[in-house]
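Here the structure is laid out as structure tokens; the discussion comes afterwards.
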Amino acid sequence: MRFLETTLRHLVKASDYAAMADRVASGQGWLQKIDPRAKIAGLAALLMVASASRQITPIAAVFLFACFLAWRSRILILKLARWVWTPVFLFTGIIALPAAFLSPGLRGAAFPVLRAEAAATLSALLVLTTPWPRILRALRWFRVPAVAVVILGMTCRYIFTILETALEMLESRKSRTVGILPPAEKRRLASASAGVLLSKSVALSSEVHLAMLSRGFRGDIRLMEDAK
Amino acid sequence: MHIPDGYLSPSTCAALYAGSTPFWYTALRRMRRAVHTRMIPLISVFAAFSFIVMMFNLPLPGGTSGHALGVAIAAIVLGPWASILAISTALTVQAVFFADGGITALGANCFNIAITGSLSAWAVYRLIAGRAPIESPRRVMAAAIAGYTAINLGALLAAVEFGIQPRFFHDAAGTPLYAPYPLHIAIPAMMIGHLTIAGIAEMAITGGIVAWLQRSEPQLLKATAPAAPAGRYSTRPLWIGLAALMILSPLGVLAAGTAWGEWSPSFFASPPEGLKKLSAFWSAPMPGYAVPLFHSHHLGYLLSAMIGTGLIILLSLGFGLLTRRRASQ
């Protein structure tokens, strides 16, 4: 049942990361105290520096500065390494490291890996130090269309609802399964699980729609901060 | 396939954000017009579903496993425009919240996966499924091929985006500043994995979900296939085609000579010994499609077609009965 365990592991990991983000965001670090609008603007500026630089040194400086900000914001560097740096390094390293032994050389391989690590650390800093509703409110200030902000907000909320449903579904299936299933049966099971999840998602969207209508939603989006 | 930050230059990222914007705008307008108040919950929940489905680990033939993108199933159930919005939203959450795919490369990822994936999957599905009934196996095949096409087109675009980087963006010493491989390395490196493992994963999950929906929730497939006739898959057109072919079977008599390699011993002046011996091993009841007692060659051909088809149908029914009995035991 390795595929069920692997899928469950991925789902649990996502859920753990979200829980950690919630915990750290409500902490008392440097970045937690800064206005989300200033944080988005500042981190985006650093991201642009890391992205546009033609030298290794500024990218490395941005990365080190991001690490310093993480430390001052009470984000454990070990957690950052586990949640952000390792997956990014595994993904980008597989692509870039062979270049170290080919014609672009070590420097050619270092550019994308360092850029990816710096950018991932910056985006992690934003998410780990700002509650999601405050990020969305700041996006509105940057004139991101209200419909996009609402969709993003609702998606995040329903990701965790559907994540929980998927976890329960797969756990119950795992507990009912004895022995080793043949590969074709495993594939059938994975497709059927995804199908059930799809059907539940559509039902959920209908329920949410009816709930919105019953609360007076007629298609016009009015956010809390718009009303202020 | 989710391009991280640092692999594409800012100008490539900007161009792909600009390329994606008209599609997002059109998708939003079309969705507002089509589903109005239902748009926000539908897109949000479907984006959440796509996000979760991307975490599903799928066992593949050969002992390996892969992840699906879920873009084809979104296009098949929601239609291409809603799918563009749902998958773009899922990719945004992945990039911002989980650092899976870059923020600067978000426009590129949306262009490759959400836009190209949704539109190509939709086109391929519609083209192959045609007006086939909802429960037709043709729809499963169409969905599987749509998934395979969508993921591979997206991967090809990503490979081209990677591959053009070292040519246009390098420092004075010639060191690539972004993705380090040229096109002739980037394309095969990207496509081998996608044409095999990732493509098969997407194919299996899309076909599998559509097959499951046909059995359990066929109404979810009807929204994007309004022309499909309701009810069970009809075999009537197949029977009509079979009857037409049987009627046309005497046309075979018009062909002159013997097919190459199908000679009887009488064809040779001195037939080889082996051929002479083995050709007499079995004497068919209706040799050369000639039915005993019928002198007309054309009528014999037609009767042979009818008898042959009948025998095949009887054999298939018998085999079906046998396997069903075995399965029920």
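Just remember, in the structure tokens the first chain shown is A, the second B, etc., residues are 1-based per chain, and ligands are 1-based in the order shown.
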For chain A, which residues have at least one atom within 6 Å of chain B, if we go by only C-alpha atoms? Write them as a PyMOL selection string, please. chain A and resi 3+7+51+104+108+112+115-116+120+151+154-155+158-159+187+191-192+195+205+209+219
Residues near segment 77-83 of chain A, anyone? I mean within 9 Å using only C-alpha atoms, not counting same-chain ones fewer than 4 positions away, as a list in words. Tyr17, Cys67, Ala70, Trp71, Pro87, Val88, Thr121 and Ala124 of chain A; Phe98 of chain B
Using only C-alpha atoms, please write the residues we just selected to a file, as a PDB file, in the first residue's frame.
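Contents of result_4.pdb, as written:
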ATOM      1  CA  TYR A  17       3.188  23.173   7.060  1.00  0.00           C
ATOM      2  CA  CYS A  67      18.035  34.015   6.657  1.00  0.00           C
ATOM      3  CA  ALA A  70      13.943  34.516   9.456  1.00  0.00           C
ATOM      4  CA  TRP A  71      16.114  34.301  12.581  1.00  0.00           C
ATOM      5  CA  PRO A  87      12.685  20.446  -1.355  1.00  0.00           C
ATOM      6  CA  VAL A  88      13.862  23.417  -3.471  1.00  0.00           C
ATOM      7  CA  THR A 121      12.978  31.776   1.397  1.00  0.00           C
ATOM      8  CA  ALA A 124       8.221  31.529   2.896  1.00  0.00           C
TER       9      ALA A 124
ATOM     10  CA  PHE B  98       4.319  25.979  -0.496  1.00  0.00           C
TER      11      PHE B  98
END
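Distance check against Phe111 of chain B using only C-alpha atoms: of B:Ala18, B:Ile145, B:Ile192, B:Ile134, the minimum falls on B:Ala18.
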Could you name the residues that touch Ser120 of chain B at 9 Å or less, counting only C-alpha atoms, but leaving out those on the same chain fewer than 3 positions away, as a PyMOL selection string? chain B and resi 72+80+115-117+123-125+146-147+149-150+153
Preceding selection exported with C-alpha atoms as a compact mmCIF listing (two decimals), in the first residue's frame:
# COMPACT_ATOMS: atom_id res chain seq x y z
CA ALA B 72 -7.33 17.66 -18.10
CA PRO B 80 -11.54 25.22 -20.62
CA ILE B 115 -3.74 27.84 -20.15
CA THR B 116 -2.06 25.52 -22.66
CA GLY B 117 -3.03 22.46 -20.63
CA ALA B 123 -9.71 20.42 -27.74
CA VAL B 124 -8.35 16.86 -27.79
CA TYR B 125 -11.18 15.56 -25.59
CA ALA B 146 -6.28 14.66 -23.54
CA GLY B 147 -4.39 14.33 -20.24
CA THR B 149 -1.38 15.74 -24.59
CA ALA B 150 -1.91 18.50 -22.02
CA LEU B 153 2.52 20.24 -24.43
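Across B:Leu322, B:Ala225, B:Ala259, B:Val71, the tightest approach to Gly130 of chain B is made by B:Ala225 when counting only C-alpha atoms.
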Please report the interatomic distance between atom CA of Gly308 of chain B and atom CA of Leu293 of chain B in Å with one decimal. 17.5 Å
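Among the residues of segment 25-191 of chain B, backbone DSSP assigns strand (DSSP E) to B:Asn57, B:Leu58, B:Pro59, B:Ser65, B:Gly66, B:His67.
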Within segment 48-120 of chain B, find each residue whose DSSP state, derived from the backbone, is helix (DSSP H, G or I), and express the selection as number ranges by chain. B: 48-53, 71-78, 80-98, 106-120
Skipping near chain neighbours, those fewer than 2 positions away, what residues fall within 12 Å of Tyr289 of chain B using only C-alpha atoms, listed as a ChimeraX atom specification? /B:249-250,252-253,284-287,291-292,294-308
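Shortest separation to Met191 of chain B among B:Ala27, B:Leu156, B:Thr224, B:Pro133 occurs at residue B:Leu156, atoms counted being only C-alpha atoms.
Atom to atom, atom CA of Ile87 of chain B and atom CA of Leu198 of chain A stand 14.2 Å apart.
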